[in-house]
$ cat final29.pdb   # PDB, C-alpha atoms
ATOM      1  CA  MET A   1     199.926 152.713 145.414
ATOM      2  CA  PHE A   2     200.825 154.889 148.359
ATOM      3  CA  CYS A   3     203.914 156.367 149.919
ATOM      4  CA  TYR A   4     204.885 156.232 153.547
ATOM      5  CA  GLY A   5     206.587 158.837 155.662
ATOM      6  CA  ASP A   6     205.763 161.929 157.671
ATOM      7  CA  VAL A   7     202.924 164.123 156.475
ATOM      8  CA  VAL A   8     204.208 167.328 154.919
ATOM      9  CA  HIS A   9     202.122 170.479 155.013
ATOM     10  CA  LEU A  10     201.948 171.791 151.474
ATOM     11  CA  ASN A  11     202.065 175.432 150.554
ATOM     12  CA  TYR A  12     199.126 175.963 148.184
ATOM     13  CA  SER A  13     198.509 179.063 146.103
ATOM     14  CA  GLN A  14     195.469 179.519 143.868
ATOM     15  CA  GLN A  15     196.266 181.358 140.660
ATOM     16  CA  THR A  16     195.774 181.064 136.952
ATOM     17  CA  MET A  17     198.877 180.399 134.889
ATOM     18  CA  LYS A  18     199.463 182.292 131.711
ATOM     19  CA  PRO A  19     199.148 180.001 128.699
ATOM     20  CA  ARG A  20     202.415 178.721 127.370
ATOM     21  CA  TYR A  21     203.535 175.786 125.366
ATOM     22  CA  LEU A  22     203.685 172.372 126.958
ATOM     23  CA  ARG A  23     205.718 169.640 125.389
ATOM     24  CA  VAL A  24     203.296 167.054 124.127
ATOM     25  CA  ILE A  25     203.848 163.538 125.404
ATOM     26  CA  PHE A  26     203.299 161.318 122.370
ATOM     27  CA  LEU A  27     201.695 157.935 122.366
ATOM     28  CA  ILE A  28     204.660 155.544 122.401
ATOM     29  CA  GLY A  29     203.050 152.204 123.032
ATOM     30  CA  PHE A  30     199.976 150.266 124.010
ATOM     31  CA  ILE A  31     199.425 146.953 125.758
ATOM     32  CA  ALA A  32     195.829 145.760 126.071
ATOM     33  CA  LEU A  33     196.463 142.721 128.263
ATOM     34  CA  ILE A  34     194.389 142.820 131.457
ATOM     35  CA  VAL A  35     196.243 141.761 134.601
ATOM     36  CA  VAL A  36     195.425 141.723 138.280
ATOM     37  CA  PRO A  37     196.326 145.176 139.671
ATOM     38  CA  VAL A  38     199.214 145.191 142.124
ATOM     39  CA  TRP A  39     200.398 148.790 142.349
ATOM     40  CA  ALA A  40     197.572 149.802 144.657
ATOM     41  CA  GLN A  41     199.107 147.566 147.348
ATOM     42  CA  ILE A  42     202.737 148.644 146.883
ATOM     43  CA  LYS A  43     204.403 151.002 149.345
ATOM     44  CA  VAL A  44     206.436 153.563 147.418
ATOM     45  CA  LYS A  45     209.164 155.234 149.436
ATOM     46  CA  PRO A  46     209.128 159.039 149.640
ATOM     47  CA  GLY A  47     211.855 160.679 147.604
ATOM     48  CA  ILE A  48     212.951 161.577 144.088
ATOM     49  CA  TYR A  49     212.744 158.996 141.310
ATOM     50  CA  ARG A  50     214.963 159.737 138.318
ATOM     51  CA  SER A  51     213.527 157.103 135.990
ATOM     52  CA  PHE A  52     210.651 154.715 135.500
ATOM     53  CA  THR A  53     213.045 151.891 136.377
ATOM     54  CA  GLU A  54     213.690 153.393 139.810
ATOM     55  CA  LEU A  55     209.953 153.692 140.394
ATOM     56  CA  ARG A  56     209.352 150.134 139.224
ATOM     57  CA  HIS A  57     211.947 148.882 141.700
ATOM     58  CA  VAL A  58     210.767 151.297 144.432
ATOM     59  CA  ALA A  59     214.281 152.721 144.700
ATOM     60  CA  PRO A  60     214.360 156.542 144.941
ATOM     61  CA  SER A  61     217.817 157.957 144.373
ATOM     62  CA  ALA A  62     217.478 161.119 146.488
ATOM     63  CA  GLU A  63     215.465 162.615 149.309
ATOM     64  CA  PHE A  64     212.741 165.126 148.541
ATOM     65  CA  THR A  65     213.172 168.085 150.899
ATOM     66  CA  TYR A  66     211.112 170.759 149.167
ATOM     67  CA  ARG A  67     207.656 172.210 149.480
ATOM     68  CA  ILE A  68     205.316 172.244 146.490
ATOM     69  CA  THR A  69     202.722 174.704 145.249
ATOM     70  CA  GLU A  70     199.458 173.817 143.529
ATOM     71  CA  VAL A  71     198.753 175.998 140.481
ATOM     72  CA  GLN A  72     195.529 176.105 138.502
ATOM     73  CA  TRP A  73     195.728 175.852 134.718
ATOM     74  CA  GLU A  74     192.613 177.067 132.926
ATOM     75  CA  TYR A  75     191.494 175.224 129.789
ATOM     76  CA  GLU A  76     188.500 175.563 127.521
ATOM     77  CA  THR A  77     185.911 177.827 129.198
ATOM     78  CA  GLY A  78     185.780 178.012 132.957
ATOM     79  CA  LYS A  79     187.514 174.652 133.525
ATOM     80  CA  GLU A  80     190.673 174.214 135.562
ATOM     81  CA  SER A  81     193.192 171.473 136.206
ATOM     82  CA  SER A  82     195.906 171.335 138.852
ATOM     83  CA  LEU A  83     199.637 171.423 138.219
ATOM     84  CA  TYR A  84     202.243 171.234 140.949
ATOM     85  CA  GLN A  85     205.540 173.075 141.134
ATOM     86  CA  ILE A  86     208.582 172.576 143.328
ATOM     87  CA  ASN A  87     209.332 175.680 145.383
ATOM     88  CA  ALA A  88     212.990 176.137 144.526
ATOM     89  CA  SER A  89     215.238 178.469 142.570
ATOM     90  CA  LYS A  90     216.204 177.750 138.975
ATOM     91  CA  ASP A  91     219.742 176.888 140.091
ATOM     92  CA  ALA A  92     218.442 174.446 142.693
ATOM     93  CA  LEU A  93     216.159 172.814 140.136
ATOM     94  CA  THR A  94     219.047 172.501 137.689
ATOM     95  CA  LYS A  95     221.172 170.787 140.331
ATOM     96  CA  LEU A  96     218.412 168.264 140.931
ATOM     97  CA  GLY A  97     219.067 166.978 137.423
ATOM     98  CA  GLU A  98     216.772 164.428 135.849
ATOM     99  CA  VAL A  99     213.551 163.774 137.739
ATOM    100  CA  TYR A 100     210.900 161.295 136.622
ATOM    101  CA  GLY A 101     208.728 162.130 139.604
ATOM    102  CA  PHE A 102     208.645 162.281 143.371
ATOM    103  CA  CYS A 103     206.699 160.785 146.239
ATOM    104  CA  LEU A 104     205.576 163.132 149.009
ATOM    105  CA  ALA A 105     202.998 162.916 151.790
ATOM    106  CA  GLY A 106     201.425 159.741 150.487
ATOM    107  CA  LYS A 107     201.142 160.856 146.854
ATOM    108  CA  PHE A 108     203.192 160.432 143.677
ATOM    109  CA  TYR A 109     203.787 163.338 141.262
ATOM    110  CA  TYR A 110     204.856 162.759 137.661
ATOM    111  CA  ASN A 111     207.079 165.222 135.801
ATOM    112  CA  LEU A 112     205.524 166.515 132.563
ATOM    113  CA  SER A 113     208.686 168.337 131.559
ATOM    114  CA  LYS A 114     210.611 165.494 129.910
ATOM    115  CA  HIS A 115     212.326 164.829 133.249
ATOM    116  CA  LYS A 116     214.187 168.168 133.191
ATOM    117  CA  LEU A 117     213.484 170.985 135.656
ATOM    118  CA  ALA A 118     215.567 173.971 134.540
ATOM    119  CA  SER A 119     213.106 175.427 132.014
ATOM    120  CA  GLU A 120     209.897 173.739 133.135
ATOM    121  CA  ASN A 121     208.645 172.776 136.565
ATOM    122  CA  GLN A 122     205.326 171.039 136.042
ATOM    123  CA  PHE A 123     204.131 167.936 137.838
ATOM    124  CA  VAL A 124     200.781 166.179 137.905
ATOM    125  CA  LEU A 125     199.310 163.947 140.563
ATOM    126  CA  ILE A 126     198.877 160.370 139.407
ATOM    127  CA  GLU A 127     196.125 157.900 140.239
ATOM    128  CA  VAL A 128     196.451 154.124 140.056
ATOM    129  CA  ILE A 129     193.875 152.388 137.839
ATOM    130  CA  GLY A 130     194.633 148.690 137.499
ATOM    131  CA  PRO A 131     198.055 148.250 135.844
ATOM    132  CA  TYR A 132     198.165 151.927 134.851
ATOM    133  CA  PHE A 133     199.053 155.304 136.315
ATOM    134  CA  TYR A 134     196.399 157.812 135.222
ATOM    135  CA  PHE A 135     197.027 161.542 134.871
ATOM    136  CA  GLU A 136     195.639 164.564 133.064
ATOM    137  CA  GLU A 137     197.715 166.975 130.997
ATOM    138  CA  ILE A 138     196.718 170.374 129.667
ATOM    139  CA  VAL A 139     198.361 171.133 126.327
ATOM    140  CA  ALA A 140     198.399 174.659 124.919
ATOM    141  CA  ASN A 141     198.524 175.004 121.128
ATOM    142  CA  PRO A 142     198.535 178.128 118.939
ATOM    143  CA  ASP A 143     195.641 178.715 116.555
ATOM    144  CA  MET A 144     195.185 181.415 113.921
ATOM    145  CA  VAL A 145     191.937 183.400 114.317
ATOM    146  CA  ASN A 146     191.317 186.509 112.190
ATOM    147  CA  ASN A 147     195.045 186.772 111.442
ATOM    148  CA  GLU A 148     195.869 186.675 115.145
ATOM    149  CA  ILE A 149     197.503 183.898 117.095
ATOM    150  CA  VAL A 150     195.256 182.563 119.839
ATOM    151  CA  ILE A 151     196.423 180.026 122.405
ATOM    152  CA  ARG A 152     193.911 177.254 122.991
ATOM    153  CA  SER A 153     194.339 174.808 125.847
ATOM    154  CA  LYS A 154     192.942 171.288 125.801
ATOM    155  CA  LYS A 155     192.895 168.490 128.371
ATOM    156  CA  PHE A 156     194.337 165.089 127.492
ATOM    157  CA  GLU A 157     193.875 161.991 129.617
ATOM    158  CA  ARG A 158     196.899 159.704 129.661
ATOM    159  CA  LEU A 159     198.072 156.442 131.151
ATOM    160  CA  ILE A 160     201.517 155.157 132.062
ATOM    161  CA  ASP A 161     201.699 151.398 131.630
ATOM    162  CA  THR A 162     203.317 150.168 134.861
ATOM    163  CA  ARG A 163     204.672 147.102 133.059
ATOM    164  CA  SER A 164     206.632 148.980 130.397
ATOM    165  CA  GLY A 165     206.604 152.706 131.193
ATOM    166  CA  ALA A 166     204.831 153.424 127.896
ATOM    167  CA  ILE A 167     202.595 156.489 127.686
ATOM    168  CA  ILE A 168     199.075 155.917 126.350
ATOM    169  CA  THR A 169     196.833 158.792 125.299
ATOM    170  CA  LEU A 170     193.239 157.897 125.997
ATOM    171  CA  THR A 171     190.837 158.014 123.074
ATOM    172  CA  PRO A 172     187.533 156.192 122.571
ATOM    173  CA  GLN A 173     189.432 153.627 120.488
ATOM    174  CA  THR A 174     192.173 152.920 123.042
ATOM    175  CA  VAL A 175     189.569 152.582 125.795
ATOM    176  CA  THR A 176     187.561 150.198 123.606
ATOM    177  CA  ASP A 177     190.707 148.100 123.151
ATOM    178  CA  ILE A 178     191.430 148.037 126.898
ATOM    179  CA  LEU A 179     187.826 146.992 127.585
ATOM    180  CA  ALA A 180     188.155 144.020 125.222
ATOM    181  CA  GLY A 181     188.352 141.603 128.156
ATOM    182  CA  ASN A 182     184.923 142.680 129.403
ATOM    183  CA  LYS A 183     182.420 142.555 126.552
ATOM    184  CA  THR A 184     179.594 143.953 128.682
ATOM    185  CA  LEU A 185     181.501 147.111 129.591
ATOM    186  CA  GLN A 186     182.841 147.392 126.060
ATOM    187  CA  ALA A 187     179.302 147.288 124.634
ATOM    188  CA  GLN A 188     178.071 149.854 127.161
ATOM    189  CA  PHE A 189     180.959 152.153 126.300
ATOM    190  CA  GLY A 190     180.171 151.771 122.590
ATOM    191  CA  ARG A 191     176.650 153.078 123.217
ATOM    192  CA  GLU A 192     177.810 156.255 124.960
ATOM    193  CA  ASN A 193     176.848 159.469 123.155
ATOM    194  CA  GLN A 194     179.992 161.235 124.394
ATOM    195  CA  PRO A 195     182.515 158.452 125.020
ATOM    196  CA  ASP A 196     185.421 160.873 125.420
ATOM    197  CA  MET A 197     183.725 162.261 128.548
ATOM    198  CA  VAL A 198     183.529 158.905 130.382
ATOM    199  CA  MET A 199     186.778 157.143 129.457
ATOM    200  CA  LYS A 200     188.250 157.176 132.971
ATOM    201  CA  HIS A 201     184.940 156.068 134.456
ATOM    202  CA  TYR A 202     184.917 152.892 132.378
ATOM    203  CA  LEU A 203     188.538 152.063 133.199
ATOM    204  CA  VAL A 204     187.814 152.419 136.918
ATOM    205  CA  GLN A 205     184.808 150.130 136.494
ATOM    206  CA  LEU A 206     186.859 147.573 134.569
ATOM    207  CA  TYR A 207     189.593 147.216 137.167
ATOM    208  CA  SER A 208     187.263 147.397 140.164
ATOM    209  CA  LYS A 209     185.491 144.356 138.681
ATOM    210  CA  SER A 210     188.856 142.648 138.098
ATOM    211  CA  LYS A 211     189.792 142.614 141.777
TER     212      LYS A 211
END
$ encode --input "final29.pdb" --output "structure tokens"
Amino acid sequence: MFCYGDVVHLNYSQQTMKPRYLRVIFLIGFIALIVVPVWAQIKVKPGIYRSFTELRHVAPSAEFTYRITEVQWEYETGKESSLYQINASKDALTKLGEVYGFCLAGKFYYNLSKHKLASENQFVLIEVIGPYFYFEEIVANPDMVNNEIVIRSKKFERLIDTRSGAIITLTPQTVTDILAGNKTLQAQFGRENQPDMVMKHYLVQLYSKSK
């Protein structure tokens, strides 16, 4: 999947965000049927998409006229993941209303903030893998250590099923289920010592072989 339109020069800033709570996106559905990927060939118009339905029909409901900033979120020890924020005031973000995501400069950004922008402004870049949109989300959770609250951040790998809009959290079991149509890959994945470290790799292999 790619967008078309003029290239926009992005305003990047490298910084570490202070830990704060992220709303967890729960697993709401799973479809294991393997289909021929089509999204990689679809032109998605630049603009703001207010729902999965708009994205599915390639029908943005508003222009995207903002710049974005890349922000680094640190998780675990010494690891970082990128989040993207719209450079706009709180009032401007509130006026934007519900935003599922936006397409800009040939890339699509998904809104982690339950489609609202007033209190949160966090987007992730998505990647097409077969019939899925793949993205990574860093979730910060409180933990009690020596009677003190410590914030621990962890990376989750997730998929959006392009056929239904359902969110799938990747685990060794869900990947095993998706690989069911390719017994060779499924068996190889089952022999991995750290399967949670290679989940995306196996999905990419699966759908590259399906083309």
$ residues_near_point --input "final29.pdb" --point "(200.8, 151.4, 133.5)" --cutoff "10 Å" --atoms "only C-alpha atoms" --output "list in words"
Phe30, Ile31, Pro37, Trp39, Val128, Ile129, Gly130, Pro131, Tyr132, Phe133, Tyr134, Arg158, Leu159, Ile160, Asp161, Thr162, Arg163, Ser164, Gly165, Ala166, Ile167 and Ile168 of chain A
$ residues_around --input "final29.pdb" --residues "Phe189 in chain A" --least-positions-apart "2" --cutoff "12 Å" --atoms "all atoms listed in the file" --output "PyMOL selection string"
chain A and resi 171-180+182-187+191-203+205-206
$ closest_residue --input "final29.pdb" --among "A:Val139, A:Leu55, A:Ile48, A:Ile86" --to "Thr69 in chain A" --atoms "all atoms listed in the file"
A:Ile86
$ atom_distance --input "final29.pdb" --atom1 "CA of Leu83 in chain A" --atom2 "CA of Phe102 in chain A"
13.8 Å
$ closest_residue --input "final29.pdb" --among "A:Glu70, A:Glu148, A:Asp91, A:Glu157" --to "Glu136 in chain A" --atoms "only C-alpha atoms"
A:Glu157
$ residues_around --input "final29.pdb" --residues "range 73-75 of chain A" --least-positions-apart "3" --cutoff "8 Å" --atoms "all atoms listed in the file" --output "PyMOL selection string"
chain A and resi 16-17+78-83+138+152-155
$ resolve_selection --input "final29.pdb" --expression "the PyMOL selection byres ((chain A and resi 123) around 8)" --output "number ranges by chain"
A: 83-85, 101, 109-113, 121-122, 124-125
$ atom_distance --input "final29.pdb" --atom1 "CA of Gln72 in chain A" --atom2 "CA of Lys107 in chain A"
18.3 Å
$ atom_distance --input "final29.pdb" --atom1 "CA of Glu137 in chain A" --atom2 "CA of Thr169 in chain A"
10.0 Å
$ resolve_selection --input "final29.pdb" --expression "the PyMOL selection byres ((chain A and resi 98) around 12)" --output "list in words"
Ile48, Tyr49, Arg50, Ser51, Phe52, Ser61, Ala62, Leu93, Thr94, Lys95, Leu96, Gly97, Val99, Tyr100, Gly101, Phe102, Asn111, Leu112, Ser113, Lys114, His115, Lys116, Leu117, Ala118, Glu120 and Asn121 of chain A
$ resolve_selection --input "final29.pdb" --expression "the PyMOL selection byres ((chain A and resi 66) around 9)" --output "VMD selection string"
chain A and resid 64 to 65 67 to 68 86 to 88
$ write_last_selection --input "final29.pdb" --atoms "C-alpha atoms" --output "PDB file, in the coordinates of the input"
ATOM      1  CA  PHE A  64     212.741 165.126 148.541  1.00  0.00           C
ATOM      2  CA  THR A  65     213.172 168.085 150.899  1.00  0.00           C
ATOM      3  CA  ARG A  67     207.656 172.210 149.480  1.00  0.00           C
ATOM      4  CA  ILE A  68     205.316 172.244 146.490  1.00  0.00           C
ATOM      5  CA  ILE A  86     208.582 172.576 143.328  1.00  0.00           C
ATOM      6  CA  ASN A  87     209.332 175.680 145.383  1.00  0.00           C
ATOM      7  CA  ALA A  88     212.990 176.137 144.526  1.00  0.00           C
TER       8      ALA A  88
END
